[in-house]
Every structure is written in C-alpha cells, then in structure tokens.
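Reproduced below: query-v4.txt, with compact mmCIF, C-alpha atoms.
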# COMPACT_ATOMS: atom_id res chain seq x y z
CA MET V 48 45.42 13.46 36.48
CA ASN V 49 42.50 11.49 37.91
CA LEU V 50 39.47 13.75 37.48
CA ALA V 51 37.37 11.40 39.61
CA SER V 52 39.46 12.44 42.60
CA LEU V 53 38.75 16.14 42.08
CA ASP V 54 35.75 18.13 43.26
CA LEU V 55 34.73 19.97 40.10
CA ASN V 56 32.68 22.38 42.22
CA LEU V 57 36.06 23.93 43.02
CA LEU V 58 36.21 25.06 39.40
CA VAL V 59 33.17 27.30 39.92
CA THR V 60 34.65 28.76 43.09
CA LEU V 61 38.03 29.28 41.43
CA ASP V 62 36.35 31.13 38.57
CA ALA V 63 34.60 33.46 41.02
CA LEU V 64 37.76 34.03 43.07
CA LEU V 65 39.80 34.92 40.00
CA GLU V 66 37.04 37.21 38.75
CA HIS V 67 36.46 39.12 41.99
CA ARG V 68 39.91 38.74 43.58
CA GLY V 69 38.39 38.28 47.00
CA VAL V 70 36.41 35.85 49.11
CA SER V 71 33.38 38.03 49.97
CA ARG V 72 32.16 38.80 46.46
CA ALA V 73 33.12 35.34 45.24
CA ALA V 74 30.95 33.83 47.99
CA GLU V 75 28.01 36.01 46.88
CA GLN V 76 28.41 34.86 43.28
CA VAL V 77 28.51 31.12 44.05
CA GLY V 78 25.89 31.29 46.81
CA LEU V 79 28.10 29.98 49.61
CA SER V 80 29.16 31.39 52.95
CA GLN V 81 32.49 33.18 53.26
CA PRO V 82 33.94 30.46 55.53
CA ALA V 83 32.98 27.82 52.94
CA VAL V 84 34.67 29.74 50.13
CA SER V 85 37.71 30.38 52.33
CA ALA V 86 37.96 26.63 52.93
CA GLN V 87 37.72 25.96 49.19
CA LEU V 88 40.40 28.59 48.53
CA ALA V 89 42.65 26.77 50.98
CA ARG V 90 42.06 23.49 49.09
CA LEU V 91 42.83 25.20 45.79
CA ARG V 92 46.04 26.67 47.19
CA ARG V 93 47.16 23.22 48.34
CA HIS V 94 46.31 21.70 44.97
CA PHE V 95 48.25 24.28 42.97
CA SER V 96 50.95 24.91 45.60
CA ASP V 97 50.36 28.60 45.00
CA ASP V 98 48.61 31.41 46.90
CA LEU V 99 46.52 32.33 43.82
CA LEU V 100 45.39 35.50 45.64
CA ALA V 101 48.27 37.45 47.20
CA ARG V 102 47.55 40.21 49.69
CA PHE V 103 48.84 43.71 48.93
CA GLY V 104 47.79 46.08 51.68
CA ASN V 105 44.01 45.85 51.97
CA THR V 106 43.51 44.22 48.58
CA TYR V 107 44.32 40.96 46.83
CA ARG V 108 46.13 40.55 43.53
CA LEU V 109 46.33 37.52 41.29
CA THR V 110 49.60 35.65 41.38
CA PRO V 111 51.30 34.95 38.01
CA LEU V 112 49.86 31.41 38.06
CA ALA V 113 46.37 32.77 38.77
CA VAL V 114 46.66 35.15 35.81
CA GLN V 115 47.61 32.18 33.66
CA LEU V 116 44.68 30.14 34.97
CA ARG V 117 42.01 32.80 34.51
CA GLY V 118 41.37 32.26 30.80
CA ARG V 119 41.66 28.47 31.12
CA VAL V 120 39.15 28.34 33.96
CA ARG V 121 36.59 30.42 32.04
CA THR V 122 37.03 28.17 29.02
CA ALA V 123 36.58 25.07 31.17
CA ILE V 124 33.43 26.49 32.80
CA THR V 125 31.97 27.29 29.38
CA GLY V 126 32.73 23.79 28.16
CA VAL V 127 31.10 22.17 31.19
CA GLU V 128 28.01 24.37 30.81
CA ARG V 129 27.67 23.33 27.18
CA VAL V 130 28.05 19.66 28.02
CA PHE V 131 25.20 19.71 30.52
CA ALA V 132 23.02 22.06 28.44
CA ALA V 133 23.16 19.77 25.41
CA GLU V 134 19.89 18.31 24.16
CA PRO V 135 19.34 15.38 21.77
CA ASP V 136 17.34 17.59 19.40
CA PHE V 137 17.89 21.31 19.03
CA ASP V 138 14.79 23.47 18.67
CA PRO V 139 15.65 27.15 18.06
CA ALA V 140 12.16 28.21 19.14
CA SER V 141 12.65 26.83 22.65
CA THR V 142 16.35 27.43 23.29
CA SER V 143 17.62 29.92 25.87
CA ARG V 144 21.26 29.60 24.84
CA GLU V 145 23.61 32.56 24.48
CA PHE V 146 25.48 32.60 21.17
CA SER V 147 28.82 34.44 21.14
CA VAL V 148 30.40 35.93 18.04
CA VAL V 149 33.75 37.73 17.87
CA MET V 150 33.36 40.37 15.19
CA SER V 151 34.83 43.77 14.38
CA ASP V 152 32.63 46.85 14.42
CA TYR V 153 32.71 46.67 10.62
CA GLY V 154 31.16 43.21 10.77
CA VAL V 155 28.56 44.30 13.31
CA ALA V 156 27.67 47.33 11.16
CA VAL V 157 27.18 45.20 8.05
CA LEU V 158 25.59 42.05 9.51
CA GLY V 159 24.86 42.60 13.20
CA ALA V 160 21.37 44.08 13.07
CA ASP V 161 20.11 41.54 10.54
CA LEU V 162 21.63 38.64 12.48
CA ALA V 163 19.99 39.86 15.69
CA THR V 164 16.64 40.24 13.92
CA ALA V 165 16.81 36.76 12.40
CA LEU V 166 17.74 35.20 15.74
CA GLU V 167 14.91 37.04 17.50
CA ARG V 168 12.47 35.75 14.90
CA GLU V 169 13.63 32.11 14.96
CA ALA V 170 14.95 31.76 18.52
CA PRO V 171 13.22 34.42 20.66
CA GLY V 172 14.61 33.00 23.91
CA ALA V 173 18.22 33.05 22.74
CA ARG V 174 20.73 35.80 23.40
CA LEU V 175 23.38 37.12 21.02
CA ARG V 176 26.66 38.46 22.38
CA PHE V 177 29.09 40.36 20.14
CA LEU V 178 32.65 40.36 21.46
CA ALA V 179 35.47 42.70 20.42
CA ASN V 180 37.76 41.47 17.69
CA THR V 181 41.14 42.06 19.34
CA PRO V 182 44.65 41.01 18.28
CA ALA V 183 44.91 38.87 21.43
CA VAL V 184 41.87 36.81 20.38
CA VAL V 185 43.05 36.47 16.77
CA ASP V 186 46.61 35.49 17.73
CA ASN V 187 45.23 32.75 20.01
CA ALA V 188 42.22 31.80 17.91
CA ARG V 189 42.26 28.04 18.57
CA GLN V 190 42.22 28.50 22.34
CA ALA V 191 39.76 31.41 22.24
CA LEU V 192 37.29 29.44 20.13
CA THR V 193 36.93 26.76 22.79
CA GLY V 194 34.77 29.27 24.67
CA ILE V 195 33.42 31.35 21.78
CA ASP V 196 31.08 30.19 19.04
CA LEU V 197 32.39 32.03 15.99
CA LEU V 198 35.26 34.30 14.99
CA VAL V 199 34.41 36.52 12.02
CA MET V 200 37.50 37.76 10.18
CA PRO V 201 38.89 38.38 6.70
CA HIS V 202 41.13 35.65 5.32
CA GLY V 203 44.81 36.03 6.09
CA PHE V 204 44.81 35.91 9.88
CA VAL V 205 43.60 32.45 10.92
CA ASP V 206 44.45 29.03 9.52
CA GLY V 207 44.16 25.38 10.50
CA LEU V 208 40.55 25.71 11.71
CA PRO V 209 37.25 24.94 9.97
CA HIS V 210 35.74 27.99 8.31
CA ARG V 211 33.09 29.20 5.91
CA ASP V 212 33.22 32.23 3.60
CA LEU V 213 30.57 34.91 4.18
CA HIS V 214 30.91 37.68 1.62
CA ARG V 215 33.36 39.76 -0.39
CA ASP V 216 34.12 43.45 -0.13
CA ASP V 217 36.50 45.97 -1.66
CA TRP V 218 38.90 48.47 -0.15
CA VAL V 219 38.68 52.19 -0.82
CA CYS V 220 40.78 55.16 0.28
CA LEU V 221 39.00 57.71 2.43
CA VAL V 222 39.92 61.41 2.31
CA ASP V 223 38.31 64.68 3.32
CA ALA V 224 35.87 65.95 0.68
CA GLY V 225 37.86 69.18 0.44
CA HIS V 226 41.18 67.46 -0.26
CA PRO V 227 42.49 68.05 -3.81
CA ALA V 228 42.64 64.28 -4.33
CA ALA V 229 38.86 64.14 -3.90
CA GLU V 230 38.58 65.56 -7.41
CA THR V 231 41.71 64.27 -9.13
CA GLY V 232 42.14 60.88 -7.47
CA LEU V 233 45.02 59.59 -5.35
CA THR V 234 48.48 58.63 -6.52
CA VAL V 235 50.88 56.14 -4.98
CA GLU V 236 53.28 58.98 -4.23
CA GLN V 237 50.58 60.79 -2.23
CA LEU V 238 50.00 57.66 -0.17
CA ARG V 239 53.69 57.72 0.72
CA THR V 240 53.60 61.31 1.95
CA MET V 241 50.11 61.89 3.39
CA PRO V 242 49.47 61.27 7.11
CA TRP V 243 47.51 58.07 7.71
CA VAL V 244 44.77 56.82 9.98
CA VAL V 245 45.31 53.07 10.35
CA THR V 246 43.36 50.32 12.10
CA TYR V 247 44.85 47.55 14.24
CA HIS V 248 48.41 48.68 13.60
CA GLY V 249 51.04 46.12 14.61
CA PRO V 250 53.15 43.19 13.44
CA THR V 251 50.20 40.78 13.35
CA ALA V 252 47.35 43.30 13.52
CA SER V 253 46.89 44.88 10.12
CA THR V 254 44.27 44.78 7.40
CA PRO V 255 45.03 42.64 4.33
CA ALA V 256 45.02 45.75 2.14
CA ALA V 257 47.55 47.48 4.41
CA ARG V 258 49.83 44.45 4.20
CA GLN V 259 49.50 44.42 0.41
CA MET V 260 50.37 48.11 0.32
CA ARG V 261 53.58 47.51 2.26
CA MET V 262 54.49 44.63 -0.04
CA LEU V 263 54.39 47.17 -2.87
CA GLY V 264 56.83 49.41 -1.02
CA ILE V 265 54.27 51.95 0.23
CA GLU V 266 55.19 52.67 3.83
CA PRO V 267 52.52 54.94 5.33
CA HIS V 268 53.29 57.82 7.64
CA VAL V 269 51.04 56.70 10.51
CA GLN V 270 49.61 59.65 12.42
CA VAL V 271 46.56 58.07 14.12
CA VAL V 272 45.88 54.46 15.15
CA THR V 273 42.38 53.23 16.01
CA GLU V 274 40.95 49.80 16.76
CA ASN V 275 37.48 50.72 15.53
CA PHE V 276 36.66 50.99 11.84
CA LEU V 277 33.60 53.14 12.58
CA THR V 278 35.81 55.89 14.03
CA VAL V 279 37.86 56.23 10.83
CA PRO V 280 35.59 58.67 8.91
CA GLY V 281 35.51 61.11 11.83
CA LEU V 282 39.31 61.00 12.03
CA ILE V 283 39.53 61.85 8.31
CA ALA V 284 36.95 64.63 8.08
CA GLY V 285 38.46 68.12 8.04
CA THR V 286 42.05 66.84 7.85
CA GLY V 287 44.67 66.00 5.25
CA ARG V 288 44.75 62.36 6.34
CA VAL V 289 43.98 59.25 4.35
CA ALA V 290 42.77 55.79 5.41
CA LEU V 291 41.79 52.43 3.97
CA LEU V 292 38.19 51.42 4.60
CA GLN V 293 35.84 48.68 3.46
CA ARG V 294 33.51 49.85 0.69
CA ARG V 295 30.38 48.54 2.45
CA LEU V 296 31.29 50.63 5.48
CA ALA V 297 32.27 53.67 3.42
CA ASP V 298 28.86 53.53 1.72
CA ARG V 299 27.23 53.90 5.14
CA VAL V 300 29.08 57.11 6.05
CA PRO V 301 26.62 60.07 6.17
CA ALA V 302 27.14 62.47 3.28
CA ASP V 303 27.17 65.49 5.60
CA LEU V 304 30.30 64.21 7.36
CA GLY V 305 32.33 65.54 4.44
CA VAL V 306 34.52 62.61 3.43
CA ARG V 307 35.04 60.98 0.04
CA ALA V 308 35.75 57.36 -0.88
CA LEU V 309 38.27 57.02 -3.72
CA PRO V 310 39.63 54.02 -5.64
CA CYS V 311 42.93 52.73 -4.32
CA PRO V 312 45.83 53.65 -6.66
CA PHE V 313 47.25 50.14 -6.19
CA GLU V 314 45.87 46.62 -6.47
CA ALA V 315 44.43 46.22 -2.97
CA GLY V 316 42.79 42.88 -3.65
CA PRO V 317 39.34 41.87 -2.44
CA LEU V 318 38.44 41.39 1.19
CA VAL V 319 36.90 37.95 1.77
CA GLU V 320 35.07 37.91 5.09
CA ALA V 321 34.69 34.47 6.69
CA PHE V 322 34.00 32.86 10.04
CA TRP V 323 35.97 30.23 11.94
CA TRP V 324 35.05 27.79 14.71
CA HIS V 325 36.71 25.15 16.84
CA PRO V 326 36.62 21.58 15.44
CA MET V 327 35.00 20.25 18.62
CA TYR V 328 31.79 22.09 17.68
CA GLU V 329 31.67 20.69 14.14
CA HIS V 330 28.70 18.38 14.84
CA ASP V 331 27.05 20.37 17.65
CA PRO V 332 23.45 20.96 16.40
CA GLU V 333 23.16 24.32 18.18
CA HIS V 334 26.45 25.48 16.75
CA ARG V 335 25.54 24.22 13.28
CA TYR V 336 22.31 26.22 13.50
CA LEU V 337 24.25 29.41 14.26
CA ARG V 338 26.64 28.80 11.37
CA ASP V 339 23.78 28.27 8.95
CA LEU V 340 21.91 31.30 10.28
CA LEU V 341 24.91 33.61 9.86
CA SER V 342 25.47 32.29 6.33
CA ARG V 343 21.83 32.90 5.42
CA VAL V 344 21.89 36.42 6.86
CA ALA V 345 25.11 37.30 5.00
CA ALA V 346 23.65 36.01 1.73
CA ASP V 347 20.50 38.11 2.19
CA VAL V 348 22.39 41.27 3.18
CA THR V 349 25.21 41.18 0.62
CA GLY V 350 23.69 39.14 -2.19
CA HIS V 351 26.63 36.69 -2.09
Would you mind giving the structure from this file in structure tokens?
Amino acid sequence: MNLASLDLNLLVTLDALLEHRGVSRAAEQVGLSQPAVSAQLARLRRHFSDDLLARFGNTYRLTPLAVQLRGRVRTAITGVERVFAAEPDFDPASTSREFSVVMSDYGVAVLGADLATALEREAPGARLRFLANTPAVVDNARQALTGIDLLVMPHGFVDGLPHRDLHRDDWVCLVDAGHPAAETGLTVEQLRTMPWVVTYHGPTASTPAARQMRMLGIEPHVQVVTENFLTVPGLIAGTGRVALLQRRLADRVPADLGVRALPCPFEAGPLVEAFWWHPMYEHDPEHRYLRDLLSRVAADVTGH
C-alpha cells in the first residue's frame, strides 16, 4: 500500500468514530464539523468497502471489520504520537509523556506507590497509567506492547520478547484464622478437598503455583474465581476456603481481617516477577528511562 496516497488525518477520525460510534461526538473530539466528519466517514467506507458503523434503530454499532480495526487503530495512533513526540535527548525533568504499565493489583500494591513517587520526583510533568493485567493482554502480548510501555508479569506466560527480572516472591496458602489448619498446617489431601478461591482461572490464565499444583495431581475444588489478588483475603475470612497468595501481599493483609498465611504443603516454586517490552522500544531513551526507573524502584522496595 502506498502510504503517500493516504490522508493520515483519516486515522484520527477513524479512531474517534470507532470510540464514540457516531458522527456527532467524534466531530467534537477531533474538532471538526459534523459534515466534515461525515465526509471523512464516507471516504473511510469507500477505502475499506465496509460500512464500519451500521445503523440499528436510533444507534450505530460497529461492523465486524470495525471491531477488528479498533485495537489496530489505537495502536497506530499511539505509534504516530510517539514518533512525533520524540526528542534527540530525553530529559525526565521536562517531559510531559504518559508512561503506561500493565500490572496486576499485586504488582501495584508492592511497587506502584514507590514507582509513582520516584516518577513524581524525577519527572514531575510525566503521568503514570496503570492498566489491568487481563488474559486478553497477556495472550496477545506482542501486539499489546506496541501501544503499552511495559507488561509486568511472573515468568511462565510471555516469551520471545525482551525482558528484565524485577524481584522474587514466594507462594503461601491463605486460610481463615479459625480454621483447624491454621494451627496444624495444611496437608495435600486437604488441598484436594477444601473449597478454593482462585485467581485468573482458565486454560491460559493461572498462577505458576496453581499450574505446579495441578502437575502434582492436586485438582482444586474451585468455589470462587476472582481477577484481583487484593480481594482474596476477604473471600477467605470467615470461611473454610483456601487460596494461594504471594507472600509479599499476604504480609500486607491487616491482622484484624482474621486470615492466616501458611506454608504450601507442596513445592510451589518461587515467583519471579519480571517486565517485558516490545523490541521496537529497545533503544528509545524515554522507554529506557522507564525500564531503569522500575528496576531501581523494585531493588529499593524488595532488596533484590
């Protein structure tokens, strides 16, 4: 395709149309009149040979092609913004860039506040955006990282991309403080029979410790599924349930919640937290600054 023959301003309009699913609000976003945006929509429809926005009653819905384009358009917009925002020398003190980090609530709880404080101190005009660590992002990490700075994850989910280790953690089993196991310890047989609270439960969405447990033949009776590690203690307190949780997070649970962290009765293996990025940002000075900053913060917080 000859990019010189395309009006790349259409990309901005397309992004707004796919976001708002209508001409009026899209026109407000891009600062054009409704007739101008309608004319651009017509050009886009001719280019793609697709309606993009299909009318249903008084509303518009995205066509299947438009749904497919939505993520690609946002990625392209982000890439273009970064191209034209690039500077020959990066000065954290004068930057106004937004840095985006995909991180679970566990990661935010352990590192988020310190990372935000360090960025505020060194780059007061910058903005830090934490994005949810979802299975959809992890399963499509290479594509997602074209529009996101860093993906923070334990090892075992992402490969084939540059990465850097952050810190290590251990897994513990969490039970109610009144559970008999709180005094005697857990057995493998109890793990087979107790009801479980699990996080990110699915074929490709499971913690490394949970996968190791299944490899040992321990199939949990899953009673509750949550996609937030911080909600686990509250789902354990006052019940007969059990869950796996990172030790650093378990240590932050208030004592008055009434839960107890116990050693796992199987070899859970360590959790090695790391971050990944897209190869195209390898030599980007702004991106390199963020990588170094996160590494420094993790070393200060965890001592690793």
Next item on the list: Select, from V:Pro255, V:Gly285, V:Pro242, V:Pro209, the residue with the minimum atom-to-atom distance to Arg338 of chain V, counting only C-alpha atoms.
Entry: V:Pro209
Next item on the list: Could you tell me which of V:Met241, V:Leu213, V:Leu341, V:Ala257 comes closest to Val319 of chain V if we count all atoms listed in the file?
Entry: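 Of V:Met241, V:Leu213, V:Leu341, V:Ala257, the one nearest Val319 of chain V is V:Leu213, counting all atoms listed in the file.
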Checklist line | Nearest to Arg117 of chain V by atom-to-atom distance, counting all atoms listed in the file, from V:Arg168, V:Leu58, V:Phe103, V:Glu236 | finding: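 Checking each candidate against Arg117 of chain V, we get V:Leu58 as the closest.
Using all atoms listed in the file, the shortest contact distance between Tyr328 of chain V and any of V:Arg288, V:Arg239, V:Arg144, V:His210 is found at V:His210.
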Test item: residues at most 7 Å from Val269 of chain V, all atoms listed in the file, excluding those fewer than 5 positions along its chain, as an mmCIF file with C-alpha atoms, keeping the file's coordinate frame:
data_model
loop_
_atom_site.group_PDB
_atom_site.id
_atom_site.type_symbol
_atom_site.label_atom_id
_atom_site.label_comp_id
_atom_site.auth_asym_id
_atom_site.auth_seq_id
_atom_site.Cartn_x
_atom_site.Cartn_y
_atom_site.Cartn_z
ATOM 1 C CA PRO V 242 49.470 61.270 7.110
ATOM 2 C CA TRP V 243 47.510 58.070 7.710
ATOM 3 C CA VAL V 244 44.770 56.820 9.980
ATOM 4 C CA VAL V 245 45.310 53.070 10.350
#
Next item on the list: Give me the residues within 12 Å of Asp98 of chain V as a list in words, counting all atoms listed in the file and dropping any in the same chain fewer than 4 places off.
Entry: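 Close residues of Asp98 of chain V: Leu64, Leu65, Arg68, Leu88, Ala89, Arg90, Leu91, Arg92, Arg93, His94, Arg102, Tyr107, Arg108, Leu109, Thr110, Pro111, Leu112, Ala113 and Val114 of chain V.
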Notebook entry, point to check: Got a sec: who's within 8 Å of Val219 of chain V, counting only C-alpha atoms, leaving out chain neighbours fewer than 3 positions off, as number ranges by chain?
Noted result: V: 291-294, 297, 308-311
Notebook entry, point to check: Do you know which residues lie at most 12 Å from (54.0, 48.5, -0.4), with coordinates as in the file and only C-alpha atoms counted, and could you write them as a PyMOL selection string?
Noted result: chain V and resi 235-236+238-239+255-267+312-315
Notebook entry, point to check: Just how far from atom CA of Gly159 of chain V is atom CA of Pro201 of chain V, in Å to one decimal?
Noted result: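 A separation of 16.0 Å between them.
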Note to self: I'd like the neighbourhood of Arg215 of chain V as a list in words, where a residue qualifies if any of its atoms comes within 8 Å (using all atoms listed in the file), though same-chain residues fewer than 3 positions away should be ignored.
What the structure shows: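 Listed by chain and then number, they are Pro317, Leu318, Val319, Glu320 and His351 of chain V.
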Check: Which distance in Å separates atom CA of Ala224 of chain V and atom CA of Asp303 of chain V, to one decimal?
Finding: 10.0 Å
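For the atom pair formed by atom CA of Leu296 of chain V and atom CA of Ala156 of chain V, the distance is 7.5 Å, given to one decimal.
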Each side padded by 3 Å, which centre and which edge lengths in Å (one decimal) define the axis-aligned box around the listed atoms of segment 337-343 of chain V? Give them as JSON.
{"center_x": 24.2, "center_y": 30.9, "center_z": 9.8, "size_x": 10.8, "size_y": 11.3, "size_z": 14.8}
Margin query: Given all atoms listed in the file as the basis, pick out the residue of V:Ser151, V:Gln190, V:Thr60, V:Ser342 nearest to Gly78 of chain V.
Written below: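 The shortest atom-to-atom distance to Gly78 of chain V comes from V:Thr60.
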Check: Using all atoms listed in the file, which of the listed residues (V:Ala191, V:Val199, V:Ala345, V:Ala173) sits closest to Ala123 of chain V?
Finding: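 Smallest distance to Ala123 of chain V is found for V:Ala191.
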Write out as a PDB file with C-alpha atoms, in the frame of the given file which residues come within 7 Å of Val70 of chain V when counting all atoms listed in the file, dropping same-chain ones fewer than 5 positions away.
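Output below, filename selection.pdb:
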ATOM      1  CA  LEU V  64      37.760  34.030  43.070  1.00  0.00           C
ATOM      2  CA  GLN V  81      32.490  33.180  53.260  1.00  0.00           C
ATOM      3  CA  VAL V  84      34.670  29.740  50.130  1.00  0.00           C
ATOM      4  CA  SER V  85      37.710  30.380  52.330  1.00  0.00           C
TER       5      SER V  85
END
Margin query: (42.6, 62.5, -4.3) in this file's frame - what residues fall within 10 Å of it? Use all atoms listed in the file and give the answer as a list in words.
Written below: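 All residues meeting the 10 Å criterion around (42.6, 62.5, -4.3) are Cys220, Leu221, Val222, Asp223, Ala224, Gly225, His226, Pro227, Ala228, Ala229, Glu230, Thr231, Gly232, Leu233, Thr234, Gln237, Leu238, Val289, Arg307, Ala308, Leu309, Pro310, Cys311 and Pro312 of chain V.
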Need a file for segment 54-65 of chain V from that block: all heavy atoms, written as a PDB file, in the first residue's frame.
ATOM      1  N   ASP V  54      -4.503   9.946   3.288  1.00  0.00           N
ATOM      2  CA  ASP V  54      -4.583  11.070   4.214  1.00  0.00           C
ATOM      3  C   ASP V  54      -4.581  10.501   5.628  1.00  0.00           C
ATOM      4  O   ASP V  54      -5.590   9.952   6.089  1.00  0.00           O
ATOM      5  CB  ASP V  54      -5.864  11.865   3.943  1.00  0.00           C
ATOM      6  CG  ASP V  54      -6.018  13.059   4.888  1.00  0.00           C
ATOM      7  OD1 ASP V  54      -5.134  13.252   5.746  1.00  0.00           O
ATOM      8  OD2 ASP V  54      -7.027  13.774   4.767  1.00  0.00           O
ATOM      9  N   LEU V  55      -3.444  10.621   6.312  1.00  0.00           N
ATOM     10  CA  LEU V  55      -3.337  10.019   7.635  1.00  0.00           C
ATOM     11  C   LEU V  55      -4.201  10.728   8.674  1.00  0.00           C
ATOM     12  O   LEU V  55      -4.380  10.214   9.782  1.00  0.00           O
ATOM     13  CB  LEU V  55      -1.871   9.995   8.078  1.00  0.00           C
ATOM     14  CG  LEU V  55      -0.955   9.078   7.258  1.00  0.00           C
ATOM     15  CD1 LEU V  55       0.440   9.045   7.841  1.00  0.00           C
ATOM     16  CD2 LEU V  55      -1.529   7.663   7.186  1.00  0.00           C
ATOM     17  N   ASN V  56      -4.751  11.902   8.325  1.00  0.00           N
ATOM     18  CA  ASN V  56      -5.718  12.532   9.227  1.00  0.00           C
ATOM     19  C   ASN V  56      -6.961  11.650   9.384  1.00  0.00           C
ATOM     20  O   ASN V  56      -7.674  11.743  10.389  1.00  0.00           O
ATOM     21  CB  ASN V  56      -6.126  13.911   8.705  1.00  0.00           C
ATOM     22  CG  ASN V  56      -5.017  14.931   8.872  1.00  0.00           C
ATOM     23  OD1 ASN V  56      -4.388  14.996   9.919  1.00  0.00           O
ATOM     24  ND2 ASN V  56      -4.783  15.717   7.835  1.00  0.00           N
ATOM     25  N   LEU V  57      -7.214  10.817   8.378  1.00  0.00           N
ATOM     26  CA  LEU V  57      -8.365   9.911   8.467  1.00  0.00           C
ATOM     27  C   LEU V  57      -8.202   8.930   9.624  1.00  0.00           C
ATOM     28  O   LEU V  57      -9.194   8.442  10.166  1.00  0.00           O
ATOM     29  CB  LEU V  57      -8.527   9.143   7.157  1.00  0.00           C
ATOM     30  CG  LEU V  57      -8.963   9.955   5.925  1.00  0.00           C
ATOM     31  CD1 LEU V  57      -8.962   9.069   4.692  1.00  0.00           C
ATOM     32  CD2 LEU V  57     -10.338  10.564   6.155  1.00  0.00           C
ATOM     33  N   LEU V  58      -6.960   8.647   9.994  1.00  0.00           N
ATOM     34  CA  LEU V  58      -6.723   7.728  11.094  1.00  0.00           C
ATOM     35  C   LEU V  58      -7.268   8.293  12.404  1.00  0.00           C
ATOM     36  O   LEU V  58      -7.862   7.574  13.208  1.00  0.00           O
ATOM     37  CB  LEU V  58      -5.218   7.454  11.221  1.00  0.00           C
ATOM     38  CG  LEU V  58      -4.773   6.308  12.116  1.00  0.00           C
ATOM     39  CD1 LEU V  58      -5.274   4.977  11.577  1.00  0.00           C
ATOM     40  CD2 LEU V  58      -3.253   6.291  12.232  1.00  0.00           C
ATOM     41  N   VAL V  59      -7.077   9.595  12.603  1.00  0.00           N
ATOM     42  CA  VAL V  59      -7.578  10.250  13.815  1.00  0.00           C
ATOM     43  C   VAL V  59      -9.097  10.220  13.829  1.00  0.00           C
ATOM     44  O   VAL V  59      -9.727   9.937  14.857  1.00  0.00           O
ATOM     45  CB  VAL V  59      -7.060  11.697  13.889  1.00  0.00           C
ATOM     46  CG1 VAL V  59      -7.622  12.405  15.116  1.00  0.00           C
ATOM     47  CG2 VAL V  59      -5.535  11.714  13.915  1.00  0.00           C
ATOM     48  N   THR V  60      -9.701  10.513  12.688  1.00  0.00           N
ATOM     49  CA  THR V  60     -11.164  10.491  12.608  1.00  0.00           C
ATOM     50  C   THR V  60     -11.692   9.079  12.817  1.00  0.00           C
ATOM     51  O   THR V  60     -12.694   8.872  13.517  1.00  0.00           O
ATOM     52  CB  THR V  60     -11.628  11.024  11.249  1.00  0.00           C
ATOM     53  OG1 THR V  60     -11.171  12.366  11.097  1.00  0.00           O
ATOM     54  CG2 THR V  60     -13.145  10.994  11.143  1.00  0.00           C
ATOM     55  N   LEU V  61     -11.028   8.102  12.203  1.00  0.00           N
ATOM     56  CA  LEU V  61     -11.466   6.712  12.360  1.00  0.00           C
ATOM     57  C   LEU V  61     -11.402   6.289  13.822  1.00  0.00           C
ATOM     58  O   LEU V  61     -12.306   5.621  14.321  1.00  0.00           O
ATOM     59  CB  LEU V  61     -10.588   5.797  11.500  1.00  0.00           C
ATOM     60  CG  LEU V  61     -10.885   4.295  11.574  1.00  0.00           C
ATOM     61  CD1 LEU V  61     -12.325   4.001  11.174  1.00  0.00           C
ATOM     62  CD2 LEU V  61      -9.917   3.517  10.692  1.00  0.00           C
ATOM     63  N   ASP V  62     -10.353   6.689  14.508  1.00  0.00           N
ATOM     64  CA  ASP V  62     -10.227   6.365  15.932  1.00  0.00           C
ATOM     65  C   ASP V  62     -11.391   6.936  16.723  1.00  0.00           C
ATOM     66  O   ASP V  62     -11.988   6.261  17.568  1.00  0.00           O
ATOM     67  CB  ASP V  62      -8.897   6.913  16.456  1.00  0.00           C
ATOM     68  CG  ASP V  62      -8.658   6.574  17.923  1.00  0.00           C
ATOM     69  OD1 ASP V  62      -8.807   5.387  18.290  1.00  0.00           O
ATOM     70  OD2 ASP V  62      -8.342   7.478  18.700  1.00  0.00           O
ATOM     71  N   ALA V  63     -11.750   8.172  16.449  1.00  0.00           N
ATOM     72  CA  ALA V  63     -12.862   8.815  17.157  1.00  0.00           C
ATOM     73  C   ALA V  63     -14.200   8.161  16.809  1.00  0.00           C
ATOM     74  O   ALA V  63     -15.059   7.960  17.678  1.00  0.00           O
ATOM     75  CB  ALA V  63     -12.897  10.307  16.820  1.00  0.00           C
ATOM     76  N   LEU V  64     -14.396   7.818  15.546  1.00  0.00           N
ATOM     77  CA  LEU V  64     -15.649   7.175  15.135  1.00  0.00           C
ATOM     78  C   LEU V  64     -15.819   5.809  15.794  1.00  0.00           C
ATOM     79  O   LEU V  64     -16.916   5.446  16.240  1.00  0.00           O
ATOM     80  CB  LEU V  64     -15.674   7.030  13.609  1.00  0.00           C
ATOM     81  CG  LEU V  64     -15.885   8.319  12.808  1.00  0.00           C
ATOM     82  CD1 LEU V  64     -15.559   8.083  11.340  1.00  0.00           C
ATOM     83  CD2 LEU V  64     -17.330   8.808  12.974  1.00  0.00           C
ATOM     84  N   LEU V  65     -14.729   5.037  15.855  1.00  0.00           N
ATOM     85  CA  LEU V  65     -14.811   3.719  16.467  1.00  0.00           C
ATOM     86  C   LEU V  65     -14.997   3.817  17.975  1.00  0.00           C
ATOM     87  O   LEU V  65     -15.609   2.944  18.592  1.00  0.00           O
ATOM     88  CB  LEU V  65     -13.542   2.916  16.144  1.00  0.00           C
ATOM     89  CG  LEU V  65     -13.289   2.631  14.660  1.00  0.00           C
ATOM     90  CD1 LEU V  65     -12.027   1.801  14.494  1.00  0.00           C
ATOM     91  CD2 LEU V  65     -14.477   1.920  14.030  1.00  0.00           C
TER      92      LEU V  65
END
